[in-house]
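Colleague: Dumping the structure here so I can ask a few things about it.
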Amino acid sequence: MSQINRLAHGGRIDRSKPLHFTFNGQAMRGYAGDTLASALIANGVRLVGRSFKYHRPRGIMAAGAEEANALVQLESGRRTLANQQATRIELYEGLSATSINCWPGPNFDLMAVNSWFHRLMPAGFYYKTFMWPAAAWKYYEHFIRRAAGLGVSPKLPDPDQYDQMNVHCDVLVVGGGAAGLAAALAAGRTGARVILADEQAELGGQLLGEQAEINGKPASHWLAAGESELAGLADVTVLKRTTVFGYYDHNFAGMLETRTAKLPNGGATTRQRLWHVRAKRVVIAAGALERPLIFSDNDRPGVMLAGAVRTYLNRYGVRAGSNAVVFTNNDDAYRTAIALKDAGVKGVCVIDTRLAPHGELPTQALQAGIAVIDNSTITGVTGKRRVQSVEVMTLNADASGVIGPARTFPCDLVATSGGWNPVIHLHSHAGGKATFDEARGLFIAADTLQASACIGAANGEFQLNDCLKDGFRAGRDAAAKAGFKKASRRKLPTAAVVDEAPARIIWALPTTKPIGQRGKHFLDLQHDVTVADVQLAAREGYRSVEHTKRYTTLGMATDQGKTGNIPGMAVLAQALGVANPGDVGTTTFRPPYTPVTLGAFAGRNVGPLADPVRMTPMHHWHELAGCKWEDVGQWKRPWYYPKDGESMADAVNRECLAARNAVALLDASTLGKIDIQGPDAAEFLNRIYTNAWSGLAIGRCRYGLMLKEDGMVFDDGVTTRLGENHFLMTTTTGNAAAVLGWLEEWLQTEWPELKVYCNSVTEAWATLTLCGPNARHLLAEFTDDMDLSADAFPFMSMQEGTVGDIPARVFRISFTGESSFEVNVPASYGLALWTQLFNAGEKYGLTPYGTEAMHVLRAEKGYIIVGQETDGTVIPQDLGMQWILSKKKDFLGRRSFARPDSARGDRKQLVGLLTGDPDMVLEEGAQIVAENRNNPPIPMIGHVTSSYYSANLGRSIALALVSSGRDRVGDTVYIPMPGKVISAEVTTPVFIDPQGERLHG
Amino acid sequence: MLLIPCPYCGEREETEFHHGGEAHIERPQDPDALSDAEWANYIFMRTNPKGLFHERWVHAAGCRRWFNMARNTATNAIIGTYKIGEKPPKGAR
Amino acid sequence: MVKPFLRQSPLAHLHLEARRPLGDGLPEAGIHVAERPHRSQIAVRGQATDPAFLQGIEKALGISLPTEACTASGKPGDLQVLWMGPDEWLVVGGPDNAALIISKLTTALVDLQVALVDVSESRTVIELSGKQARVVLDKGCSIDLHPRSFGPGQVVNTLLGRGHVLLHQTDHEPASGSSAYDIYVHRSYAEYLWSWIEDAAREYGLAMRS
């Protein structure tokens, strides 16, 4: 296609750099500096997609972030992006885009049948139709999922890199238009750290689309000088293609920077960068967005915003039509009429809702020979895929209807303007309020919770000269409040002031029939919400704008109602008989201002960096041994070590047998270790643990149970007395940080009088647990300064000495019920000792074992795992651990045992289960019932907490929490599973060595 | 996201802190002297005002110290932070 | 038996010193990295308001205890004391010196209510320097590291990427804009942090420093 709508000259595009691209498979051309939208218009493309609900043909209606129609699927395959606004895509060589929400294409769309049934799809259609009966949802869902939604998500991982940056500044200026650039200059000159962020590829904002002059010269001169001055200021950062998408508490802002206009093919560059900004002051110079006039069939391709039409002419050298009607309620749109006329567009005339417009701009238009039809409105649009003509009639006295005769104006472009809305979105994100300016029909930023200010057009200042003044003042002011008071007295730039007459606000323009009966008055083009929908919602009793928004879906599309929200609110107010639209309130704008890709939020926290992998000193030995990993918090722990061809069950059985019959080695380095020192250390432990600690001898270990104040088990572990005032506490792997936090919380907030210091030493030690009858023999080869005999080194004691010439602490404690030695050496020697043990251990049958075997071995002994046998509702008595509850002292959680709930006779208690079929391994979490019958409901009396095959016992074992479980020992219970009911005998929870002979041996 | 003035380290991002619930709830000196209802009140019941709220925070990724904060829950304005054992700042009592 | 040379820092297996620079086509590396393993590190707890404690530290170490938050005393490469919290410090020295430092401290602080814990094994140190060192840290750290707010001698416990670090700035050259930092990281997180730095620094060019 040729660029039939490209003007012969003009615009900011680079005509020396032609670019090729395709749209819906058709080859087209544009220039560097184009957006996809401007290039499409240049190539004569009118129809870009179909609407969301009615699948009506739609064309480009805007030139920026407010575009509601022109959403495209950009590229295909791994890099595809859905729902991209063509107005915000910078054209690049080879770009490929397709229409969305239409199949097979925008010119012939099968779903367009929806528009024939529009009377069946009123406001709240989805709620009314599909809410009931609930069972019918499964029939509707398929239809809705296919019909709704817009673009297609990528199915493959994104190959590009994204990153994030934290930055701090004195002044963040949002928007690089006239006001923003002025603010950045004024703030930057004081020496403050300034960030100027603008969403476009070049600074200038609205100036880029205007023929404005500053200091009597084209505004581009001032822009270039300003940008070059900023570049010379060391502490000023100018970020283009960067959208401040969210503004949060305490002057925190999120910015999305697109770093490559063209999608890169790999390489070191990141595609987008998410900036976290903490600013002392924020200056919001985000400009204003034009709103359309709401008239019958105002969605037809060719109906565009007047400012956008002007931008396409001035910035891109593109005319959006060859025969144009301008439809306005204000003076600004006359600039568009004049520019169209200058560009050679035929038949330019202005329809003005006002009577006898007389301002400076209408006068200029009249002088240029442009016809002005006053006190009138468009009552109808002909042409479905392209405007062909408009019907115009005179408004009646109160603008509630029209009076004849109707005149028809042939045209292919309708440039409409209903006035401009300040972009107060960011102000609103951060809790700012807005007040309604009734005369101008717009919301102005009011009270803010942040150290911020809206300036320029974002504050309703639409005169360029005012924007410049406002910008310099706001920049100086923000810098001063951030502590930079260096004055910079310079002559401020000026622009000519144009006298503009007031607008005439008519929110929904009448046609020949009541609204809804002739054509559609669209408020929200992207979600197909009409004036009739909002009026219906009001009739159905909706009063709150927040509820109406959700009921009608007004403003809930990806454009967040940038063009339709204010007219929508005003229409609601009128329907409710509220005089001032401000009284129905504005909805709260929420981040993001424009969509942000998930890749940017993820940043570099993807793949191997998605979450830290914590490694023990022996990690890489396990890896080379081919272990399977278990994730425990962020730790990787060896789960089991399969030999060639071994199944998990074979490997775990082998490891379990080795631990009870030879010797096995576990990497227990992940256990939490807390060094506790101070004269009150024992008293502190008395309060934290349920049992007594004052009498523990130095060098001895004791098991402890920690409760929360509600009496529920929180953590357990062995604590050793290293000295009179010195203890070493161990915690479960998953709770290491939580327990240290718990200790500090009590010490710092409740018991500051206790002289105790806690320090984590988890990472300082490698812990190698030797377990089994040969453990002593193997260890004896590595130490000559410790007596390892059972008498000299009894169960629950600790010795310091050397192991393999390394200084070590050896604990005789056990989580398997087997004779065990936990060898702790400085972490950096862990791998070396581990390796040496294996070099020497073969003759003893040394076998590495993982967490699965550890779990089986401890279950054979009935040892609990916090978080497996407990779930935050289990008290020690439930576990049969009354023996650990001191009666002589208070401790955290004790008082809760006196609550009636703790004394209930039917509490779930820890028991063992032995299935009737010894090869049947129950599923953990399975529910338990007392009766085997098949007429539910059957009361559930408990659940399986742990279940394994025990190679040592040659059968399955399980632990369970069962109501009144200890009274049921010997009873048979039932575990209903799909297709079968499994019977099991209730037993005590200790399956091996109940006397503890192995343990002490 | 809040910018929290740790009384020891100065202003840091909220990500470095953990919230610790309502402040100034003392553990009863003699738990046995309390009725079940009073004990339950101590363990479970917390106020949830719109407006001024005194709450505990810990600078978990920083100096590991607990401290108190007076915050307006409606605006997230931080009236002040203060060390454990200190009184709330002026304007936050 | 275990020979001393078998002692292994958490990044030793990566052989960083033998690695080629990253960042094709860049004239010079914006980032230099090295692991500084096995530094002696002693956690010291005590009351900064107790003059005897302050004097004891100075007597034992020859440098004063930094009582101002987030600062360090001593000289990088030599004995240093890093502020960790209002009653917590980290004494840092060269490798294999912890026992000697602890014995000096124990002697000097006798009868005081303090705690000394050898945590040399808990952390390794990644030294990060270069013109882009600060920018790389900005990618994952929310502390304001701009020279106006942060400089040599300052130290913070904070988050870098998704892990906890102790970040100590050791140098800054205003002329070149080059900065140097010691990043103390718990050994279980060291490989994660190394991978994170390698990934974040790639665009600026990354060279290993011996």
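Naming scheme: A, B, ... for chains in displayed order of the structure tokens; residues 1 onward per chain; ligands 1 onward as shown.
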With a distance cut-off of 8 Å and only C-alpha atoms, select the neighbouring residues of Gln526 (chain A), excluding the residue or stretch itself and same-chain residues fewer than 5 positions from it, and output the selection as a ChimeraX atom specification.
Modeller: /A:51-52,68-69,557-559
Colleague: Leaving out region 80-90 of chain B and any residue of its chain fewer than 5 positions from it, which residues lie within 10 Å of it when counting only C-alpha atoms, given as a PDB file with N, CA and C atoms, in the first residue's frame?
Modeller:
```
ATOM      1  N   GLN A 748      13.251  -8.204  73.487  1.00  0.00           N
ATOM      2  CA  GLN A 748      13.285  -6.758  73.268  1.00  0.00           C
ATOM      3  C   GLN A 748      12.017  -6.055  73.735  1.00  0.00           C
ATOM      4  N   THR A 749      10.869  -6.731  73.577  1.00  0.00           N
ATOM      5  CA  THR A 749       9.621  -6.008  73.820  1.00  0.00           C
ATOM      6  C   THR A 749       8.998  -6.323  75.168  1.00  0.00           C
ATOM      7  N   GLU A 750       9.250  -7.524  75.712  1.00  0.00           N
ATOM      8  CA  GLU A 750       8.530  -7.906  76.929  1.00  0.00           C
ATOM      9  C   GLU A 750       9.460  -8.065  78.117  1.00  0.00           C
ATOM     10  N   PRO A 752      12.900  -6.853  78.581  1.00  0.00           N
ATOM     11  CA  PRO A 752      14.191  -6.171  78.359  1.00  0.00           C
ATOM     12  C   PRO A 752      15.106  -6.274  79.572  1.00  0.00           C
TER      13      PRO A 752
ATOM     14  N   ILE B   4       9.837   3.723  56.027  1.00  0.00           N
ATOM     15  CA  ILE B   4       9.730   3.632  57.488  1.00  0.00           C
ATOM     16  C   ILE B   4      10.996   4.179  58.151  1.00  0.00           C
ATOM     17  N   PRO B   5      10.831   5.157  59.030  1.00  0.00           N
ATOM     18  CA  PRO B   5      12.000   5.668  59.755  1.00  0.00           C
ATOM     19  C   PRO B   5      12.340   4.766  60.931  1.00  0.00           C
ATOM     20  N   CYS B   6      13.255   3.840  60.717  1.00  0.00           N
ATOM     21  CA  CYS B   6      13.727   3.001  61.822  1.00  0.00           C
ATOM     22  C   CYS B   6      14.393   3.918  62.844  1.00  0.00           C
ATOM     23  N   PRO B   7      14.040   3.806  64.121  1.00  0.00           N
ATOM     24  CA  PRO B   7      14.630   4.716  65.113  1.00  0.00           C
ATOM     25  C   PRO B   7      16.141   4.554  65.225  1.00  0.00           C
ATOM     26  N   TYR B   8      16.677   3.466  64.698  1.00  0.00           N
ATOM     27  CA  TYR B   8      18.123   3.238  64.795  1.00  0.00           C
ATOM     28  C   TYR B   8      18.838   3.502  63.470  1.00  0.00           C
ATOM     29  N   ALA B  23       0.633  -2.410  69.133  1.00  0.00           N
ATOM     30  CA  ALA B  23       1.650  -2.162  70.160  1.00  0.00           C
ATOM     31  C   ALA B  23       1.002  -1.992  71.530  1.00  0.00           C
ATOM     32  N   HIS B  24       1.845  -1.970  72.538  1.00  0.00           N
ATOM     33  CA  HIS B  24       1.431  -1.669  73.922  1.00  0.00           C
ATOM     34  C   HIS B  24       0.443  -2.696  74.477  1.00  0.00           C
ATOM     35  N   HIS B  54      -1.223   2.514  66.962  1.00  0.00           N
ATOM     36  CA  HIS B  54       0.133   2.241  67.444  1.00  0.00           C
ATOM     37  C   HIS B  54       0.434   0.780  67.156  1.00  0.00           C
ATOM     38  N   GLU B  55       1.506   0.559  66.460  1.00  0.00           N
ATOM     39  CA  GLU B  55       1.801  -0.811  66.038  1.00  0.00           C
ATOM     40  C   GLU B  55       3.286  -1.096  66.185  1.00  0.00           C
ATOM     41  N   ARG B  56       3.594  -2.388  66.230  1.00  0.00           N
ATOM     42  CA  ARG B  56       4.987  -2.794  66.389  1.00  0.00           C
ATOM     43  C   ARG B  56       5.552  -3.199  65.026  1.00  0.00           C
ATOM     44  N   TRP B  57       6.801  -2.899  64.835  1.00  0.00           N
ATOM     45  CA  TRP B  57       7.515  -3.334  63.643  1.00  0.00           C
ATOM     46  C   TRP B  57       8.879  -3.834  64.069  1.00  0.00           C
ATOM     47  N   ARG B  65      16.022  -4.738  65.275  1.00  0.00           N
ATOM     48  CA  ARG B  65      15.406  -4.173  66.490  1.00  0.00           C
ATOM     49  C   ARG B  65      13.901  -4.022  66.302  1.00  0.00           C
ATOM     50  N   TRP B  66      13.182  -4.312  67.372  1.00  0.00           N
ATOM     51  CA  TRP B  66      11.752  -4.013  67.425  1.00  0.00           C
ATOM     52  C   TRP B  66      11.570  -2.550  67.802  1.00  0.00           C
ATOM     53  N   PHE B  67      10.530  -1.939  67.287  1.00  0.00           N
ATOM     54  CA  PHE B  67      10.191  -0.575  67.680  1.00  0.00           C
ATOM     55  C   PHE B  67       8.709  -0.368  67.456  1.00  0.00           C
ATOM     56  N   ASN B  68       8.221   0.778  67.886  1.00  0.00           N
ATOM     57  CA  ASN B  68       6.806   1.094  67.734  1.00  0.00           C
ATOM     58  C   ASN B  68       6.624   2.204  66.708  1.00  0.00           C
ATOM     59  N   MET B  69       5.464   2.187  66.077  1.00  0.00           N
ATOM     60  CA  MET B  69       5.163   3.224  65.103  1.00  0.00           C
ATOM     61  C   MET B  69       3.740   3.724  65.340  1.00  0.00           C
ATOM     62  N   ALA B  70       3.575   5.042  65.240  1.00  0.00           N
ATOM     63  CA  ALA B  70       2.229   5.620  65.249  1.00  0.00           C
ATOM     64  C   ALA B  70       1.905   5.979  63.810  1.00  0.00           C
ATOM     65  N   ARG B  71       0.855   5.339  63.289  1.00  0.00           N
ATOM     66  CA  ARG B  71       0.529   5.495  61.872  1.00  0.00           C
ATOM     67  C   ARG B  71      -0.950   5.768  61.732  1.00  0.00           C
TER      68      ARG B  71
END
```
Colleague: Taking the DSSP assignment computed from this structure's backbone, write out as number ranges by chain all residues of region 16-87 of chain B that belong to strand (DSSP E).
Modeller: B: 18-22, 52-58, 66-72, 78-83
Colleague: Output as a PDB file with N, CA and C atoms, in the first residue's frame all residues of region 63-210 of chain C that backbone DSSP marks as alpha helix (DSSP H).
Modeller:
```
ATOM      1  N   ALA C  98      40.571 -15.059  64.159  1.00  0.00           N
ATOM      2  CA  ALA C  98      39.427 -14.904  65.051  1.00  0.00           C
ATOM      3  C   ALA C  98      39.779 -15.269  66.497  1.00  0.00           C
ATOM      4  N   ALA C  99      40.494 -16.373  66.656  1.00  0.00           N
ATOM      5  CA  ALA C  99      40.780 -16.830  68.024  1.00  0.00           C
ATOM      6  C   ALA C  99      41.578 -15.771  68.782  1.00  0.00           C
ATOM      7  N   LEU C 100      42.543 -15.181  68.082  1.00  0.00           N
ATOM      8  CA  LEU C 100      43.383 -14.157  68.722  1.00  0.00           C
ATOM      9  C   LEU C 100      42.535 -12.931  69.084  1.00  0.00           C
ATOM     10  N   ILE C 101      41.693 -12.498  68.157  1.00  0.00           N
ATOM     11  CA  ILE C 101      40.851 -11.325  68.419  1.00  0.00           C
ATOM     12  C   ILE C 101      39.926 -11.600  69.600  1.00  0.00           C
ATOM     13  N   ILE C 102      39.345 -12.790  69.613  1.00  0.00           N
ATOM     14  CA  ILE C 102      38.425 -13.119  70.702  1.00  0.00           C
ATOM     15  C   ILE C 102      39.164 -13.142  72.034  1.00  0.00           C
ATOM     16  N   SER C 103      40.365 -13.664  72.029  1.00  0.00           N
ATOM     17  CA  SER C 103      41.064 -13.724  73.316  1.00  0.00           C
ATOM     18  C   SER C 103      41.421 -12.322  73.800  1.00  0.00           C
ATOM     19  N   LYS C 104      41.798 -11.448  72.873  1.00  0.00           N
ATOM     20  CA  LYS C 104      42.071 -10.054  73.277  1.00  0.00           C
ATOM     21  C   LYS C 104      40.802  -9.396  73.829  1.00  0.00           C
ATOM     22  N   LEU C 105      39.704  -9.613  73.126  1.00  0.00           N
ATOM     23  CA  LEU C 105      38.445  -9.002  73.557  1.00  0.00           C
ATOM     24  C   LEU C 105      38.012  -9.570  74.905  1.00  0.00           C
ATOM     25  N   THR C 106      38.144 -10.874  75.041  1.00  0.00           N
ATOM     26  CA  THR C 106      37.726 -11.511  76.288  1.00  0.00           C
ATOM     27  C   THR C 106      38.504 -10.924  77.461  1.00  0.00           C
ATOM     28  N   THR C 107      39.802 -10.772  77.256  1.00  0.00           N
ATOM     29  CA  THR C 107      40.633 -10.203  78.320  1.00  0.00           C
ATOM     30  C   THR C 107      40.204  -8.776  78.642  1.00  0.00           C
ATOM     31  N   ALA C 108      39.972  -7.995  77.591  1.00  0.00           N
ATOM     32  CA  ALA C 108      39.676  -6.580  77.807  1.00  0.00           C
ATOM     33  C   ALA C 108      38.272  -6.349  78.344  1.00  0.00           C
ATOM     34  N   ALA C 133      29.685  -0.018  39.627  1.00  0.00           N
ATOM     35  CA  ALA C 133      29.383  -0.861  40.798  1.00  0.00           C
ATOM     36  C   ALA C 133      28.110  -0.380  41.493  1.00  0.00           C
ATOM     37  N   ARG C 134      27.989   0.928  41.639  1.00  0.00           N
ATOM     38  CA  ARG C 134      26.816   1.458  42.334  1.00  0.00           C
ATOM     39  C   ARG C 134      25.536   1.146  41.562  1.00  0.00           C
ATOM     40  N   VAL C 135      25.595   1.278  40.240  1.00  0.00           N
ATOM     41  CA  VAL C 135      24.397   1.033  39.430  1.00  0.00           C
ATOM     42  C   VAL C 135      23.972  -0.428  39.519  1.00  0.00           C
ATOM     43  N   VAL C 136      24.940  -1.324  39.545  1.00  0.00           N
ATOM     44  CA  VAL C 136      24.587  -2.741  39.670  1.00  0.00           C
ATOM     45  C   VAL C 136      23.873  -2.978  40.997  1.00  0.00           C
ATOM     46  N   LEU C 137      24.391  -2.368  42.060  1.00  0.00           N
ATOM     47  CA  LEU C 137      23.731  -2.533  43.359  1.00  0.00           C
ATOM     48  C   LEU C 137      22.330  -1.922  43.336  1.00  0.00           C
ATOM     49  N   ASP C 138      22.177  -0.782  42.641  1.00  0.00           N
ATOM     50  CA  ASP C 138      20.866  -0.139  42.556  1.00  0.00           C
ATOM     51  C   ASP C 138      19.810  -1.068  41.957  1.00  0.00           C
ATOM     52  N   ALA C 190      25.573 -17.417  49.037  1.00  0.00           N
ATOM     53  CA  ALA C 190      26.674 -16.832  48.269  1.00  0.00           C
ATOM     54  C   ALA C 190      26.560 -17.135  46.774  1.00  0.00           C
ATOM     55  N   GLU C 191      26.226 -18.383  46.444  1.00  0.00           N
ATOM     56  CA  GLU C 191      26.174 -18.728  45.032  1.00  0.00           C
ATOM     57  C   GLU C 191      25.000 -18.023  44.350  1.00  0.00           C
ATOM     58  N   TYR C 192      23.889 -17.920  45.050  1.00  0.00           N
ATOM     59  CA  TYR C 192      22.761 -17.140  44.513  1.00  0.00           C
ATOM     60  C   TYR C 192      23.205 -15.701  44.241  1.00  0.00           C
ATOM     61  N   LEU C 193      23.861 -15.100  45.220  1.00  0.00           N
ATOM     62  CA  LEU C 193      24.232 -13.688  45.055  1.00  0.00           C
ATOM     63  C   LEU C 193      25.236 -13.527  43.920  1.00  0.00           C
ATOM     64  N   TRP C 194      26.176 -14.464  43.835  1.00  0.00           N
ATOM     65  CA  TRP C 194      27.132 -14.392  42.736  1.00  0.00           C
ATOM     66  C   TRP C 194      26.392 -14.444  41.386  1.00  0.00           C
ATOM     67  N   SER C 195      25.450 -15.368  41.259  1.00  0.00           N
ATOM     68  CA  SER C 195      24.698 -15.494  40.000  1.00  0.00           C
ATOM     69  C   SER C 195      23.922 -14.209  39.718  1.00  0.00           C
ATOM     70  N   TRP C 196      23.387 -13.628  40.776  1.00  0.00           N
ATOM     71  CA  TRP C 196      22.615 -12.397  40.619  1.00  0.00           C
ATOM     72  C   TRP C 196      23.518 -11.268  40.108  1.00  0.00           C
ATOM     73  N   ILE C 197      24.699 -11.147  40.723  1.00  0.00           N
ATOM     74  CA  ILE C 197      25.618 -10.082  40.315  1.00  0.00           C
ATOM     75  C   ILE C 197      26.070 -10.294  38.868  1.00  0.00           C
ATOM     76  N   GLU C 198      26.384 -11.528  38.546  1.00  0.00           N
ATOM     77  CA  GLU C 198      26.840 -11.837  37.191  1.00  0.00           C
ATOM     78  C   GLU C 198      25.768 -11.434  36.172  1.00  0.00           C
ATOM     79  N   ASP C 199      24.522 -11.718  36.502  1.00  0.00           N
ATOM     80  CA  ASP C 199      23.416 -11.415  35.606  1.00  0.00           C
ATOM     81  C   ASP C 199      23.191  -9.902  35.508  1.00  0.00           C
ATOM     82  N   ALA C 200      23.218  -9.245  36.661  1.00  0.00           N
ATOM     83  CA  ALA C 200      22.920  -7.809  36.678  1.00  0.00           C
ATOM     84  C   ALA C 200      24.053  -6.992  36.067  1.00  0.00           C
ATOM     85  N   ALA C 201      25.287  -7.493  36.163  1.00  0.00           N
ATOM     86  CA  ALA C 201      26.444  -6.713  35.730  1.00  0.00           C
ATOM     87  C   ALA C 201      26.786  -6.927  34.262  1.00  0.00           C
TER      88      ALA C 201
END
```
Colleague: Counting only C-alpha atoms, a student should be able to say which residues of chain A come within 6 Å of chain C; what is the right answer, written as a count of residues only?
Modeller: 15
Colleague: Once you count only C-alpha atoms, which residues of chain B turn out to be within 7 Å of chain C? Could you give them as a list in words?
Modeller: Tyr8, Cys9, Glu13, Glu16, Ala61, Gly62 and Cys63 of chain B
Colleague: Next, the residues of the selection above should be written as a PDB file, in the first residue's frame with N, CA and C atoms.
Modeller:
```pdb
ATOM      1  N   TYR B   8      16.677   3.466  64.698  1.00  0.00           N
ATOM      2  CA  TYR B   8      18.123   3.238  64.795  1.00  0.00           C
ATOM      3  C   TYR B   8      18.838   3.502  63.470  1.00  0.00           C
ATOM      4  N   CYS B   9      18.237   3.077  62.353  1.00  0.00           N
ATOM      5  CA  CYS B   9      18.940   3.120  61.064  1.00  0.00           C
ATOM      6  C   CYS B   9      18.477   4.263  60.159  1.00  0.00           C
ATOM      7  N   GLU B  13      13.101   1.147  53.205  1.00  0.00           N
ATOM      8  CA  GLU B  13      11.908   0.644  52.534  1.00  0.00           C
ATOM      9  C   GLU B  13      11.185  -0.392  53.392  1.00  0.00           C
ATOM     10  N   GLU B  16      12.177  -4.130  54.163  1.00  0.00           N
ATOM     11  CA  GLU B  16      13.159  -4.558  55.160  1.00  0.00           C
ATOM     12  C   GLU B  16      12.519  -4.868  56.514  1.00  0.00           C
ATOM     13  N   ALA B  61      15.438  -7.035  58.202  1.00  0.00           N
ATOM     14  CA  ALA B  61      16.593  -7.146  57.297  1.00  0.00           C
ATOM     15  C   ALA B  61      17.632  -6.081  57.613  1.00  0.00           C
ATOM     16  N   GLY B  62      17.439  -5.365  58.703  1.00  0.00           N
ATOM     17  CA  GLY B  62      18.391  -4.317  59.070  1.00  0.00           C
ATOM     18  C   GLY B  62      19.014  -4.614  60.418  1.00  0.00           C
ATOM     19  N   CYS B  63      18.687  -3.799  61.408  1.00  0.00           N
ATOM     20  CA  CYS B  63      19.349  -3.911  62.715  1.00  0.00           C
ATOM     21  C   CYS B  63      18.664  -4.917  63.639  1.00  0.00           C
TER      22      CYS B  63
END
```
Colleague: Return as number ranges by chain the residues belonging to chain B that are within 8 Å of chain A, counting only C-alpha atoms.
Modeller: B: 1-3, 26-27, 31-32, 36, 39, 43, 65-66, 75-77, 84-85
Colleague: Please measure the separation of CA of Pro567 (chain A) and CA of Ile505 (chain A), giving the value in Å to one decimal.
Modeller: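 Between CA of Pro567 (chain A) and CA of Ile505 (chain A) the gap is 10.0 Å.
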Colleague: Just checking: using only C-alpha atoms, which residue out of A:Ala179, A:Asp299, A:Ile4, A:Ala958 ends up closest to Lys469 (chain A)?
Modeller: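 Of A:Ala179, A:Asp299, A:Ile4, A:Ala958, the one nearest Lys469 (chain A), counting only C-alpha atoms, is A:Ala179.
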Colleague: Using only C-alpha atoms, which residues sit within 8 Å of Val125 (chain C) once same-chain residues fewer than 5 positions away are excluded, as a compact mmCIF listing (two decimals) with N, CA, C and O atoms, in the first residue's frame?
Modeller:
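Listing of around_3.txt after writing:
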```txt
# COMPACT_ATOMS: atom_id res chain seq x y z
N GLU C 35 36.06 -12.78 45.22
CA GLU C 35 35.66 -13.29 46.53
C GLU C 35 36.81 -13.06 47.50
O GLU C 35 37.96 -13.31 47.15
N ARG C 36 36.50 -12.55 48.68
CA ARG C 36 37.51 -12.39 49.74
C ARG C 36 37.11 -13.34 50.86
O ARG C 36 36.41 -12.95 51.79
N PRO C 37 37.54 -14.60 50.76
CA PRO C 37 37.01 -15.60 51.69
C PRO C 37 37.70 -15.60 53.05
O PRO C 37 38.78 -15.02 53.21
N ARG C 39 37.44 -14.32 55.95
CA ARG C 39 37.76 -13.22 56.86
C ARG C 39 37.33 -13.60 58.28
O ARG C 39 36.27 -14.19 58.47
N ASP C 182 32.40 -3.94 49.93
CA ASP C 182 32.49 -5.31 50.43
C ASP C 182 31.07 -5.77 50.72
O ASP C 182 30.35 -5.12 51.50
N ILE C 183 30.69 -6.85 50.09
CA ILE C 183 29.35 -7.39 50.34
C ILE C 183 29.50 -8.66 51.16
O ILE C 183 30.03 -9.66 50.68
N TYR C 184 29.08 -8.58 52.41
CA TYR C 184 29.12 -9.77 53.29
C TYR C 184 27.81 -10.53 53.09
O TYR C 184 26.74 -9.99 53.28
N VAL C 185 27.95 -11.79 52.71
CA VAL C 185 26.75 -12.58 52.43
C VAL C 185 26.85 -13.91 53.17
O VAL C 185 27.93 -14.52 53.23
```
